[in-house]
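Colleague: So here's data-v8.cif (mmCIF, C-alpha atoms and all ligand atoms).
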data_run
#
loop_
_atom_site.label_atom_id
_atom_site.label_comp_id
_atom_site.auth_asym_id
_atom_site.auth_seq_id
_atom_site.Cartn_x
_atom_site.Cartn_y
_atom_site.Cartn_z
CA MET A 1130 -3.14 4.65 62.85
CA ALA A 1131 -2.72 5.08 66.62
CA SER A 1132 0.60 4.11 68.17
CA PRO A 1133 0.63 2.54 71.62
CA GLY A 1134 1.73 4.98 74.35
CA GLU A 1135 5.26 4.65 75.74
CA ASN A 1136 3.82 3.54 79.09
CA LEU A 1137 2.46 0.33 77.60
CA LYS A 1138 4.84 -2.33 79.02
CA ILE A 1139 4.73 -6.09 79.44
CA ASN A 1140 5.02 -7.75 82.85
CA GLY A 1141 8.69 -8.76 82.96
CA ASP A 1142 8.38 -10.84 86.12
CA ARG A 1143 5.53 -12.89 84.70
CA LEU A 1144 7.46 -13.49 81.47
CA TRP A 1145 10.51 -14.58 83.46
CA GLU A 1146 8.48 -16.97 85.63
CA SER A 1147 7.01 -18.58 82.52
CA LEU A 1148 10.48 -18.98 80.99
CA MET A 1149 11.69 -20.70 84.18
CA GLU A 1150 8.58 -22.90 84.32
CA MET A 1151 9.03 -24.07 80.71
CA ALA A 1152 12.73 -24.75 81.40
CA LYS A 1153 11.73 -27.38 83.96
CA ILE A 1154 10.52 -29.56 81.08
CA GLY A 1155 13.31 -31.54 79.42
CA PRO A 1156 16.11 -30.36 81.67
CA GLY A 1157 19.64 -30.71 80.32
CA VAL A 1158 22.63 -31.95 82.26
CA ALA A 1159 24.20 -28.55 82.90
CA GLY A 1160 21.37 -26.14 83.68
CA GLY A 1161 19.94 -25.82 80.19
CA ASN A 1162 17.47 -27.93 78.23
CA ASN A 1163 17.20 -31.02 76.09
CA ARG A 1164 13.69 -30.71 74.69
CA GLN A 1165 14.32 -31.92 71.16
CA THR A 1166 11.59 -31.84 68.57
CA VAL A 1167 8.76 -34.41 68.65
CA THR A 1168 10.03 -36.14 71.78
CA ASP A 1169 7.89 -36.75 74.85
CA GLU A 1170 9.44 -33.63 76.39
CA ASP A 1171 8.43 -31.57 73.37
CA GLY A 1172 4.88 -32.90 73.89
CA GLU A 1173 4.96 -31.83 77.53
CA GLY A 1174 6.23 -28.36 76.67
CA ARG A 1175 3.46 -27.97 74.12
CA ALA A 1176 0.82 -29.04 76.65
CA LEU A 1177 2.06 -26.44 79.14
CA PHE A 1178 2.01 -23.72 76.48
CA GLN A 1179 -1.50 -24.79 75.45
CA SER A 1180 -2.75 -24.61 79.04
CA TRP A 1181 -1.36 -21.08 79.38
CA CYS A 1182 -3.00 -20.08 76.09
CA GLN A 1183 -6.35 -21.47 77.24
CA ALA A 1184 -6.06 -19.55 80.51
CA ALA A 1185 -5.45 -16.39 78.46
CA GLY A 1186 -8.68 -17.03 76.51
CA LEU A 1187 -7.01 -18.00 73.22
CA SER A 1188 -8.31 -20.59 70.77
CA MET A 1189 -5.71 -23.12 69.55
CA GLY A 1190 -5.17 -24.20 65.96
CA LEU A 1191 -2.90 -27.14 65.11
CA ASP A 1192 -1.74 -27.97 61.61
CA GLN A 1193 -0.49 -31.20 60.06
CA MET A 1194 3.13 -30.27 60.82
CA GLY A 1195 2.30 -29.72 64.50
CA ASN A 1196 2.59 -25.93 64.25
CA MET A 1197 0.52 -24.37 67.06
CA PHE A 1198 -1.49 -21.18 66.51
CA ALA A 1199 -3.04 -19.51 69.59
CA ARG A 1200 -5.43 -16.78 68.52
CA ARG A 1201 -6.78 -13.64 70.23
CA GLU A 1202 -9.65 -12.21 68.26
CA GLY A 1203 -9.59 -8.75 66.74
CA THR A 1204 -12.54 -6.42 66.29
CA ASP A 1205 -12.62 -6.75 62.49
CA PRO A 1206 -13.62 -10.26 61.41
CA ASN A 1207 -12.15 -9.64 57.94
CA ALA A 1208 -8.74 -8.40 59.08
CA LEU A 1209 -5.82 -10.82 58.62
CA PRO A 1210 -4.05 -11.70 61.88
CA VAL A 1211 -0.67 -10.40 62.97
CA TYR A 1212 1.44 -13.45 63.87
CA VAL A 1213 4.15 -13.58 66.48
CA GLY A 1214 6.21 -16.50 67.75
CA SER A 1215 9.24 -18.75 67.47
CA HIS A 1216 9.95 -22.33 68.67
CA LEU A 1217 9.82 -24.39 71.88
CA ASP A 1218 12.15 -27.18 70.72
CA THR A 1219 15.79 -27.05 71.81
CA GLN A 1220 19.21 -28.36 70.90
CA PRO A 1221 20.33 -31.53 72.77
CA THR A 1222 22.49 -29.24 74.90
CA GLY A 1223 20.37 -26.14 74.43
CA GLY A 1224 19.66 -23.06 76.50
CA LYS A 1225 16.44 -21.90 78.15
CA TYR A 1226 15.83 -18.93 75.84
CA ASP A 1227 16.66 -19.85 72.22
CA GLY A 1228 13.20 -19.90 70.65
CA VAL A 1229 11.32 -20.07 73.93
CA LEU A 1230 11.64 -16.34 74.52
CA GLY A 1231 9.90 -15.65 71.22
CA VAL A 1232 6.93 -17.93 71.98
CA LEU A 1233 6.46 -16.91 75.61
CA GLY A 1234 7.19 -13.27 74.76
CA GLY A 1235 4.25 -13.55 72.33
CA LEU A 1236 2.06 -15.02 75.06
CA GLU A 1237 3.11 -12.24 77.44
CA ILE A 1238 1.89 -9.65 74.93
CA ILE A 1239 -1.53 -11.28 74.98
CA ARG A 1240 -1.60 -11.44 78.77
CA THR A 1241 -0.72 -7.74 78.96
CA LEU A 1242 -3.37 -6.75 76.41
CA ASN A 1243 -5.91 -8.81 78.39
CA ASP A 1244 -4.90 -7.14 81.69
CA LEU A 1245 -5.33 -3.69 80.18
CA ASP A 1246 -8.39 -4.62 78.15
CA ILE A 1247 -6.76 -3.36 74.96
CA LYS A 1248 -8.45 -4.38 71.74
CA THR A 1249 -6.88 -4.56 68.31
CA LYS A 1250 -8.50 -4.49 64.89
CA HIS A 1251 -6.46 -7.46 63.63
CA PRO A 1252 -6.42 -10.73 65.55
CA ILE A 1253 -3.05 -11.65 67.11
CA VAL A 1254 -1.83 -15.25 66.82
CA VAL A 1255 1.02 -16.69 68.92
CA THR A 1256 2.83 -19.46 67.08
CA ASN A 1257 5.06 -22.36 68.10
CA TRP A 1258 6.83 -23.65 64.96
CA THR A 1259 7.75 -27.36 65.03
CA ASN A 1260 11.39 -28.45 64.66
CA GLU A 1261 13.24 -25.19 64.29
CA GLU A 1262 16.51 -26.67 65.50
CA GLY A 1263 17.00 -29.39 62.90
CA THR A 1264 19.11 -31.54 65.23
CA ARG A 1265 16.95 -34.63 65.31
CA TYR A 1266 15.54 -34.04 61.83
CA ALA A 1267 17.44 -32.00 59.24
CA PRO A 1268 16.92 -29.38 58.01
CA ALA A 1269 16.41 -26.65 60.60
CA MET A 1270 13.14 -24.68 60.37
CA LEU A 1271 11.46 -27.73 58.87
CA ALA A 1272 7.83 -26.90 59.64
CA SER A 1273 7.98 -23.19 58.86
CA GLY A 1274 9.66 -24.32 55.62
CA VAL A 1275 6.66 -26.51 54.75
CA PHE A 1276 4.34 -23.65 55.76
CA ALA A 1277 6.17 -21.32 53.35
CA GLY A 1278 6.04 -23.89 50.53
CA ILE A 1279 9.78 -24.60 50.51
CA HIS A 1280 9.46 -28.32 51.33
CA THR A 1281 6.60 -30.70 50.69
CA GLN A 1282 4.87 -32.20 53.69
CA ASP A 1283 5.50 -35.77 52.47
CA TRP A 1284 9.22 -35.08 52.27
CA ALA A 1285 9.16 -33.62 55.78
CA TYR A 1286 7.20 -36.60 57.17
CA ASP A 1287 9.79 -38.98 55.68
CA ARG A 1288 12.81 -37.34 57.32
CA VAL A 1289 14.47 -39.91 59.57
CA ASP A 1290 16.32 -39.44 62.83
CA HIS A 1291 19.47 -41.20 64.01
CA ASP A 1292 17.40 -44.26 65.02
CA GLY A 1293 15.50 -44.50 61.76
CA LYS A 1294 12.25 -43.06 63.18
CA LYS A 1295 10.27 -40.89 60.77
CA PHE A 1296 9.32 -37.33 61.64
CA GLY A 1297 5.65 -37.78 60.66
CA ASP A 1298 5.30 -40.91 62.81
CA GLU A 1299 6.94 -39.30 65.82
CA LEU A 1300 4.75 -36.20 65.50
CA ALA A 1301 1.66 -38.44 65.53
CA ARG A 1302 3.05 -40.54 68.39
CA ILE A 1303 3.37 -37.52 70.71
CA GLY A 1304 -0.19 -36.50 69.78
CA TRP A 1305 0.51 -33.19 68.08
CA ARG A 1306 -0.22 -33.95 64.42
CA GLY A 1307 -3.24 -31.78 63.65
CA ASP A 1308 -5.72 -31.71 60.77
CA GLU A 1309 -5.27 -28.20 59.46
CA GLU A 1310 -3.67 -27.82 56.03
CA VAL A 1311 -0.16 -26.43 56.39
CA GLY A 1312 0.37 -22.95 54.93
CA ALA A 1313 -3.33 -22.28 54.33
CA ARG A 1314 -3.30 -19.38 56.80
CA LYS A 1315 -2.70 -15.90 55.49
CA MET A 1316 -0.80 -13.39 57.61
CA HIS A 1317 -0.98 -9.60 57.82
CA ALA A 1318 2.58 -9.69 59.25
CA PHE A 1319 4.91 -11.89 61.30
CA PHE A 1320 7.25 -10.80 64.13
CA GLU A 1321 9.79 -12.99 65.94
CA LEU A 1322 11.62 -12.07 69.14
CA HIS A 1323 14.88 -13.99 69.68
CA ILE A 1324 18.09 -13.76 71.66
CA GLU A 1325 20.97 -12.53 69.51
CA GLN A 1326 23.07 -15.71 69.87
CA GLY A 1327 26.07 -13.50 69.12
CA PRO A 1328 28.16 -10.93 71.03
CA ILE A 1329 27.42 -7.58 69.36
CA LEU A 1330 24.55 -6.13 71.44
CA GLU A 1331 26.14 -6.94 74.78
CA ALA A 1332 29.56 -5.62 73.69
CA GLU A 1333 28.02 -2.35 72.52
CA GLY A 1334 25.68 -2.03 75.50
CA LYS A 1335 22.59 -1.98 73.27
CA ASP A 1336 19.19 -3.19 74.52
CA ILE A 1337 17.69 -4.11 71.16
CA GLY A 1338 18.78 -5.46 67.79
CA VAL A 1339 16.61 -4.40 64.87
CA VAL A 1340 17.13 -7.29 62.48
CA THR A 1341 17.27 -6.09 58.89
CA HIS A 1342 18.75 -9.21 57.25
CA GLY A 1343 19.53 -12.86 57.93
CA GLN A 1344 22.64 -14.52 56.58
CA GLY A 1345 22.21 -17.47 54.24
CA LEU A 1346 23.01 -21.06 55.18
CA SER A 1347 24.06 -24.22 53.42
CA TRP A 1348 24.22 -27.73 54.90
CA THR A 1349 26.06 -30.38 52.87
CA GLN A 1350 26.12 -33.90 54.28
CA VAL A 1351 29.36 -35.61 53.27
CA THR A 1352 29.82 -39.41 53.34
CA ILE A 1353 33.34 -40.81 53.05
CA GLU A 1354 33.80 -44.56 52.58
CA GLY A 1355 37.01 -46.49 53.20
CA LYS A 1356 37.38 -49.89 54.83
CA ASP A 1357 36.88 -51.05 58.43
CA SER A 1358 40.00 -52.86 59.57
CA HIS A 1359 42.04 -53.64 62.68
CA THR A 1360 43.84 -50.60 64.15
CA GLY A 1361 46.72 -52.78 65.31
CA SER A 1362 47.43 -55.25 62.57
CA THR A 1363 46.66 -53.27 59.40
CA PRO A 1364 49.96 -51.90 58.01
CA MET A 1365 49.91 -48.13 57.47
CA PRO A 1366 50.13 -48.33 53.65
CA MET A 1367 47.12 -50.67 53.50
CA ARG A 1368 44.69 -48.50 55.47
CA LYS A 1369 41.62 -46.87 53.97
CA ASN A 1370 40.93 -44.55 56.90
CA ALA A 1371 37.71 -42.60 56.36
CA GLY A 1372 38.25 -40.81 59.68
CA LEU A 1373 41.55 -39.41 58.51
CA GLY A 1374 39.91 -38.35 55.25
CA MET A 1375 37.30 -36.44 57.24
CA ALA A 1376 39.99 -34.75 59.35
CA ARG A 1377 41.68 -33.46 56.20
CA VAL A 1378 38.37 -32.32 54.69
CA LEU A 1379 37.54 -30.43 57.91
CA GLU A 1380 40.86 -28.58 57.66
CA ALA A 1381 39.78 -27.56 54.16
CA VAL A 1382 36.36 -26.43 55.45
CA ASP A 1383 38.07 -24.14 57.93
CA GLN A 1384 40.37 -22.70 55.27
CA ILE A 1385 37.50 -22.18 52.83
CA ALA A 1386 35.56 -20.15 55.43
CA TRP A 1387 38.65 -18.13 56.37
CA SER A 1388 39.26 -17.36 52.69
CA HIS A 1389 36.05 -15.28 52.79
CA ALA A 1390 36.75 -13.59 56.17
CA PRO A 1391 35.23 -11.78 57.93
CA ASP A 1392 31.75 -12.39 56.51
CA ALA A 1393 31.67 -16.17 56.21
CA VAL A 1394 31.77 -19.07 58.65
CA GLY A 1395 32.08 -22.83 58.30
CA ALA A 1396 32.27 -25.92 60.51
CA ALA A 1397 30.93 -29.45 60.94
CA GLY A 1398 28.81 -29.85 64.07
CA HIS A 1399 27.35 -33.25 63.20
CA ILE A 1400 29.79 -36.14 62.82
CA ASP A 1401 29.07 -39.89 62.81
CA VAL A 1402 32.00 -42.29 62.69
CA PHE A 1403 31.39 -45.96 61.89
CA PRO A 1404 31.69 -48.33 63.58
CA ASN A 1405 33.04 -45.97 66.29
CA SER A 1406 35.04 -48.63 68.06
CA ARG A 1407 38.43 -47.94 69.64
CA ASN A 1408 40.26 -50.65 67.71
CA VAL A 1409 38.61 -50.36 64.30
CA ILE A 1410 39.88 -47.95 61.66
CA PRO A 1411 36.69 -46.15 60.60
CA GLY A 1412 35.41 -47.44 57.29
CA ARG A 1413 32.71 -44.80 56.98
CA VAL A 1414 32.07 -41.29 58.25
CA VAL A 1415 29.06 -39.08 57.72
CA PHE A 1416 29.23 -35.41 58.66
CA THR A 1417 27.43 -32.19 57.83
CA VAL A 1418 29.28 -29.05 56.78
CA ASP A 1419 27.51 -25.82 57.76
CA PHE A 1420 28.56 -22.77 55.73
CA ARG A 1421 26.99 -19.33 56.21
CA SER A 1422 27.35 -15.85 54.75
CA PRO A 1423 25.15 -12.83 54.04
CA ASP A 1424 26.28 -13.10 50.38
CA ILE A 1425 24.77 -15.88 48.26
CA ALA A 1426 27.74 -15.86 45.85
CA VAL A 1427 30.06 -16.60 48.78
CA ILE A 1428 27.88 -19.50 49.89
CA ARG A 1429 27.87 -21.02 46.39
CA ASP A 1430 31.65 -20.59 46.16
CA MET A 1431 32.18 -22.34 49.51
CA GLU A 1432 29.88 -25.22 48.51
CA ASN A 1433 31.81 -25.71 45.26
CA LYS A 1434 35.20 -25.49 46.94
CA LEU A 1435 34.12 -28.11 49.48
CA ARG A 1436 33.20 -30.58 46.73
CA VAL A 1437 36.47 -29.99 44.85
CA ALA A 1438 38.66 -30.20 47.97
CA ALA A 1439 36.94 -33.28 49.40
CA SER A 1440 37.02 -35.12 46.07
CA ASP A 1441 40.74 -34.33 45.72
CA ILE A 1442 41.61 -35.37 49.27
CA CYS A 1443 39.60 -38.59 49.13
CA GLY A 1444 40.86 -39.44 45.62
CA GLN A 1445 44.46 -39.23 46.81
CA MET A 1446 43.66 -41.46 49.80
CA GLY A 1447 41.78 -44.16 47.89
CA LEU A 1448 38.50 -43.21 49.62
CA SER A 1449 35.16 -42.61 47.96
CA VAL A 1450 33.11 -39.52 48.79
CA SER A 1451 29.53 -38.42 48.13
CA PHE A 1452 27.58 -35.27 48.91
CA GLU A 1453 23.96 -34.51 49.75
CA LYS A 1454 22.53 -31.05 50.31
CA VAL A 1455 20.38 -31.48 53.42
CA GLY A 1456 19.42 -27.90 54.19
CA GLY A 1457 19.88 -24.30 53.23
CA PHE A 1458 18.37 -20.94 52.58
CA ASP A 1459 19.46 -17.84 50.75
CA PRO A 1460 20.28 -14.62 52.61
CA VAL A 1461 17.12 -12.83 53.74
CA GLU A 1462 16.08 -9.19 53.60
CA PHE A 1463 13.25 -8.50 56.04
CA ASP A 1464 10.25 -6.32 55.21
CA GLU A 1465 10.97 -2.61 55.39
CA GLY A 1466 7.63 -1.73 57.00
CA CYS A 1467 7.97 -4.37 59.74
CA VAL A 1468 11.62 -3.45 60.37
CA THR A 1469 10.56 0.18 60.73
CA ALA A 1470 7.83 -0.85 63.20
CA VAL A 1471 10.48 -2.57 65.34
CA ARG A 1472 12.89 0.38 65.18
CA SER A 1473 10.15 2.92 66.01
CA ALA A 1474 9.00 0.75 68.92
CA ALA A 1475 12.52 0.75 70.40
CA GLU A 1476 12.72 4.54 70.01
CA ARG A 1477 9.30 5.17 71.50
CA LEU A 1478 10.19 3.06 74.52
CA GLY A 1479 13.60 4.72 74.95
CA TYR A 1480 15.61 1.51 74.45
CA SER A 1481 19.04 1.79 72.84
CA HIS A 1482 19.19 -0.13 69.58
CA ARG A 1483 21.19 -0.89 66.45
CA ASP A 1484 20.54 -2.71 63.19
CA LEU A 1485 21.71 -6.33 63.03
CA ILE A 1486 22.18 -9.15 60.52
CA SER A 1487 21.11 -12.43 62.09
CA GLY A 1488 23.87 -15.01 62.08
CA ALA A 1489 21.49 -17.84 62.92
CA GLY A 1490 18.60 -19.23 60.96
CA HIS A 1491 15.08 -18.54 62.22
CA ASP A 1492 11.52 -19.45 61.29
CA ALA A 1493 11.15 -15.77 60.36
CA CYS A 1494 13.57 -16.40 57.47
CA TRP A 1495 11.04 -18.71 55.78
CA ILE A 1496 7.92 -16.82 56.84
CA ASN A 1497 9.41 -13.71 55.23
CA ARG A 1498 8.69 -15.48 51.90
CA VAL A 1499 4.93 -15.49 52.51
CA ALA A 1500 4.28 -12.48 54.76
CA PRO A 1501 5.85 -9.16 55.71
CA THR A 1502 8.24 -10.14 58.50
CA ALA A 1503 10.80 -8.72 60.93
CA MET A 1504 12.70 -9.78 64.03
CA VAL A 1505 13.57 -8.21 67.37
CA MET A 1506 16.71 -9.33 69.19
CA CYS A 1507 17.92 -8.91 72.74
CA PRO A 1508 21.47 -9.51 74.02
CA CYS A 1509 22.70 -12.75 75.55
CA VAL A 1510 25.68 -13.14 77.90
CA ASP A 1511 28.99 -13.48 76.01
CA GLY A 1512 26.99 -14.10 72.84
CA LEU A 1513 26.76 -17.74 73.91
CA SER A 1514 23.98 -19.94 72.53
CA HIS A 1515 23.49 -23.61 71.54
CA ASN A 1516 25.07 -24.24 74.93
CA GLU A 1517 23.35 -25.04 78.22
CA ALA A 1518 25.08 -22.04 79.79
CA GLU A 1519 23.15 -19.67 77.48
CA GLU A 1520 21.99 -16.76 79.70
CA ILE A 1521 20.08 -13.49 79.44
CA SER A 1522 18.92 -10.98 82.05
CA ARG A 1523 15.33 -10.33 83.05
CA GLU A 1524 15.77 -6.74 81.88
CA TRP A 1525 16.95 -7.80 78.41
CA ALA A 1526 14.02 -10.19 78.04
CA THR A 1527 11.62 -7.47 79.19
CA ALA A 1528 12.99 -4.87 76.78
CA GLY A 1529 12.78 -7.35 73.90
CA ALA A 1530 9.18 -8.26 74.69
CA ASP A 1531 8.22 -4.60 75.17
CA VAL A 1532 9.53 -3.78 71.70
CA LEU A 1533 7.85 -6.85 70.26
CA MET A 1534 4.55 -5.78 71.81
CA HIS A 1535 4.74 -2.26 70.46
CA ALA A 1536 5.62 -3.44 66.95
CA VAL A 1537 2.83 -6.04 67.01
CA VAL A 1538 0.18 -3.79 68.52
CA GLU A 1539 0.95 -0.94 66.15
CA THR A 1540 0.67 -3.34 63.21
CA ALA A 1541 -2.51 -4.95 64.60
CA GLU A 1542 -3.97 -1.42 65.19
CA ILE A 1543 -5.26 -0.50 68.61
CA VAL A 1544 -8.99 0.19 68.68
CA GLU A 1545 -9.61 3.35 70.72
C1 LIG A 1601 19.14 -22.60 63.72
O1 LIG A 1601 19.04 -22.63 64.96
C2 LIG A 1601 20.43 -22.39 63.09
O2 LIG A 1601 20.82 -21.23 62.91
O3 LIG A 1601 21.11 -23.39 62.81
MN MN A 1602 16.17 -20.35 67.75
MN MN A 1603 18.78 -22.72 67.99
#
Is it possible to give me this structure as structure tokens?

Modeller:
Amino acid sequence: MASPGENLKINGDRLWESLMEMAKIGPGVAGGNNRQTVTDEDGEGRALFQSWCQAAGLSMGLDQMGNMFARREGTDPNALPVYVGSHLDTQPTGGKYDGVLGVLGGLEIIRTLNDLDIKTKHPIVVTNWTNEEGTRYAPAMLASGVFAGIHTQDWAYDRVDHDGKKFGDELARIGWRGDEEVGARKMHAFFELHIEQGPILEAEGKDIGVVTHGQGLSWTQVTIEGKDSHTGSTPMPMRKNAGLGMARVLEAVDQIAWSHAPDAVGAAGHIDVFPNSRNVIPGRVVFTVDFRSPDIAVIRDMENKLRVAASDICGQMGLSVSFEKVGGFDPVEFDEGCVTAVRSAAERLGYSHRDLISGAGHDACWINRVAPTAMVMCPCVDGLSHNEAEEISREWATAGADVLMHAVVETAEIVE
């Protein structure tokens, strides 16, 4: 199988311009983006991506979960496509690169192959996975999860947002609910380029992370019920303060994660306090505890300890507590052949690299269940992500997309 020559490089300026153009859609309040899944802004971002794909001569497939598949034909009609991509949706206070780099990096590969008239045996398909972030609709990686057979489509359609709107209805409303059966496509391989979202590559001065594993994740939604009452006139002994119960449980969450240091983390990023009025003691709180570790036994232990600690704390305070698992996946080991393709690509191109375990969840984590998969990472400034100040350099983005292209093209087999 021929490897691409080390002079084969993407057009870094064109990739950067596309990233900046996409970032104009759903601007945030502090220089980043708020382009949450299945909102009007998501629809606009999709339309822009589609127009770029059309201009690059790609045909677009759209499945019933809104996953977009832009295809460049290969020379062998029987060869399974090599897939590449990530997500265009963002956090409510998201950056310009989380997910977007992987989709537009995929498009840049196609543009480069078109410029140089390079043909591959296998088709190449650039994918935008719906609702990777999981903010508006838990869990994260919802649509790649349906694609991989982890969730049923009906369950996904029935997920509700903060305002009671269903995912399936909102997907239809923005006009991106397609006809294609979800998960019917078969893949030769899948590659995802992503920013690291952590500090290691920048600190070590490395251009590329070769992602060998992803840590596992568990989301438990906790509901604590007490009693709404007046903050001024309710005597201290008579209060049933669900907010205070949550504060004590969150202390326990922190301690549980620290008890497995350094390879475990835990926090609650989503918190709803009811009725959320300055002079009402909260009678109900709902929050989601996010625990992660590369070791499944550690994740299970943290989940159990949370239930024991929260039940104890709430029992002593006269509060009731209930738990619902709203998301999770086991630690992931990526495909050896695809990981090797990424590492060899970095070497061929002369980029410094190291192996990495992904701290974040990615669509690649689910797709790894149904196809040989690997990820490429590039550094981000101060390791900061899920923050509007998320930043990368043009050079880092270029190196990441170069490595992605070489791994993809080698796997898709150049036709001489
Ligand atoms: C996905 O973005 C996650 O890691 O939560
Ligand atoms: Mn992401
Ligand atoms: Mn993210």

Colleague: Produce as a PyMOL selection string the set of residues near ligand MN 1602 (chain A), where near means within 7 Å with only C-alpha atoms and all ligand atoms considered.

Modeller: chain A and resi 1216+1227-1228+1261-1262+1323+1491

Colleague: Could you report the residues within 9 Å of ligand LIG 1601 (chain A), using all atoms listed in the file, as an NGL selection string?

Modeller: :A and (1219-1220 or 1227-1228 or 1261-1264 or 1268-1270 or 1346 or 1419 or 1487-1492 or 1515)

Colleague: Write the residues of the selection above to a file with C-alpha atoms, as an mmCIF file, in the coordinates of the input.

Modeller:
data_model
loop_
_atom_site.group_PDB
_atom_site.id
_atom_site.type_symbol
_atom_site.label_atom_id
_atom_site.label_comp_id
_atom_site.auth_asym_id
_atom_site.auth_seq_id
_atom_site.Cartn_x
_atom_site.Cartn_y
_atom_site.Cartn_z
ATOM 1 C CA THR A 1219 15.790 -27.050 71.810
ATOM 2 C CA GLN A 1220 19.210 -28.360 70.900
ATOM 3 C CA ASP A 1227 16.660 -19.850 72.220
ATOM 4 C CA GLY A 1228 13.200 -19.900 70.650
ATOM 5 C CA GLU A 1261 13.240 -25.190 64.290
ATOM 6 C CA GLU A 1262 16.510 -26.670 65.500
ATOM 7 C CA GLY A 1263 17.000 -29.390 62.900
ATOM 8 C CA THR A 1264 19.110 -31.540 65.230
ATOM 9 C CA PRO A 1268 16.920 -29.380 58.010
ATOM 10 C CA ALA A 1269 16.410 -26.650 60.600
ATOM 11 C CA MET A 1270 13.140 -24.680 60.370
ATOM 12 C CA LEU A 1346 23.010 -21.060 55.180
ATOM 13 C CA ASP A 1419 27.510 -25.820 57.760
ATOM 14 C CA SER A 1487 21.110 -12.430 62.090
ATOM 15 C CA GLY A 1488 23.870 -15.010 62.080
ATOM 16 C CA ALA A 1489 21.490 -17.840 62.920
ATOM 17 C CA GLY A 1490 18.600 -19.230 60.960
ATOM 18 C CA HIS A 1491 15.080 -18.540 62.220
ATOM 19 C CA ASP A 1492 11.520 -19.450 61.290
ATOM 20 C CA HIS A 1515 23.490 -23.610 71.540
#

Colleague: Could you list, as an NGL selection string, every residue within 12 Å of Thr1204 (chain A), counting only C-alpha atoms and ignoring same-chain residues fewer than 3 positions away?

Modeller: :A and (1201 or 1207-1210 or 1247-1253 or 1541-1545)

Colleague: Could you give me, as a PyMOL selection string, the residues within 9 Å of region 1140-1157 of chain A, counting only C-alpha atoms and dropping anything in the same chain fewer than 3 positions from it?

Modeller: chain A and resi 1160-1165+1169-1171+1173-1174+1177-1178+1217+1221-1226+1229-1230+1233-1234+1236-1238+1240-1241+1517+1523-1524+1526-1528+1530-1531

Colleague: Any idea what the distance is between CA of Lys1315 (chain A) and CA of Tyr1212 (chain A)?

Modeller: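 Between CA of Lys1315 (chain A) and CA of Tyr1212 (chain A) the gap is 9.7 Å.
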
Colleague: I want to know what sits within 10 Å of Ser1451 (chain A), based on only C-alpha atoms, with residues of the same chain fewer than 5 positions away left out; could you give that as JSON, numbers by chain?

Modeller: {"A": [1349, 1350, 1351, 1352, 1353, 1354, 1415, 1436, 1439, 1440]}

Colleague: Counting only C-alpha atoms, I want the residues whose atoms come within 10 Å of (28.0, -7.2, 69.9) in the file frame, returned as a ChimeraX atom specification.

Modeller: /A:1325-1335,1338,1483,1485,1508-1509,1511-1512

Colleague: Quote the spacing between CA of Asp1308 (chain A) and CA of Val1455 (chain A) in Å to one decimal place.

Modeller: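 Straight-line distance from CA of Asp1308 (chain A) to CA of Val1455 (chain A) works out to 27.1 Å.
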
Colleague: Mind giving me the straight-line distance from CA of Asp1218 (chain A) to CA of Thr1259 (chain A) in Å, one decimal?

Modeller: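 According to the coordinates, CA of Asp1218 (chain A) and CA of Thr1259 (chain A) are separated by 7.2 Å.
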
Colleague: Using all atoms listed in the file, which residues sit within 9 Å of Val1211 (chain A) once same-chain residues fewer than 4 positions away are excluded, as a JSON list (two decimals) with C-alpha atoms, in the coordinates of the input?

Modeller:
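Resulting contents of around24.json:
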[["chain", "number", "residue", "atom", "x", "y", "z"],
["A", 1251, "HIS", "CA", -6.46, -7.46, 63.63],
["A", 1252, "PRO", "CA", -6.42, -10.73, 65.55],
["A", 1253, "ILE", "CA", -3.05, -11.65, 67.11],
["A", 1254, "VAL", "CA", -1.83, -15.25, 66.82],
["A", 1255, "VAL", "CA", 1.02, -16.69, 68.92],
["A", 1316, "MET", "CA", -0.80, -13.39, 57.61],
["A", 1317, "HIS", "CA", -0.98, -9.60, 57.82],
["A", 1318, "ALA", "CA", 2.58, -9.69, 59.25],
["A", 1319, "PHE", "CA", 4.91, -11.89, 61.30],
["A", 1320, "PHE", "CA", 7.25, -10.80, 64.13],
["A", 1537, "VAL", "CA", 2.83, -6.04, 67.01],
["A", 1538, "VAL", "CA", 0.18, -3.79, 68.52],
["A", 1540, "THR", "CA", 0.67, -3.34, 63.21],
["A", 1541, "ALA", "CA", -2.51, -4.95, 64.60]]

Colleague: Taking all atoms listed in the file into account, which of A:Ser1215, A:His1280, A:Pro1133, A:His1359 comes nearest ligand MN 1603 (chain A)?

Modeller: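 Using all atoms listed in the file, ligand MN 1603 (chain A) sits closest to A:Ser1215.
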
Colleague: Excluding Gly1345 (chain A) and its own-chain neighbours fewer than 6 positions away, which residues fall within 7 Å of it when counting only C-alpha atoms? Please give them as a VMD selection string.

Modeller: chain A and resid 1421 to 1423 1425 1458 to 1461

Colleague: Suppose we keep C-alpha atoms; can you now write the selection as an mmCIF file, keeping the file's coordinate frame?

Modeller:
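Saved as part00.cif:
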data_model
loop_
_atom_site.group_PDB
_atom_site.id
_atom_site.type_symbol
_atom_site.label_atom_id
_atom_site.label_comp_id
_atom_site.auth_asym_id
_atom_site.auth_seq_id
_atom_site.Cartn_x
_atom_site.Cartn_y
_atom_site.Cartn_z
ATOM 1 C CA ARG A 1421 26.990 -19.330 56.210
ATOM 2 C CA SER A 1422 27.350 -15.850 54.750
ATOM 3 C CA PRO A 1423 25.150 -12.830 54.040
ATOM 4 C CA ILE A 1425 24.770 -15.880 48.260
ATOM 5 C CA PHE A 1458 18.370 -20.940 52.580
ATOM 6 C CA ASP A 1459 19.460 -17.840 50.750
ATOM 7 C CA PRO A 1460 20.280 -14.620 52.610
ATOM 8 C CA VAL A 1461 17.120 -12.830 53.740
#
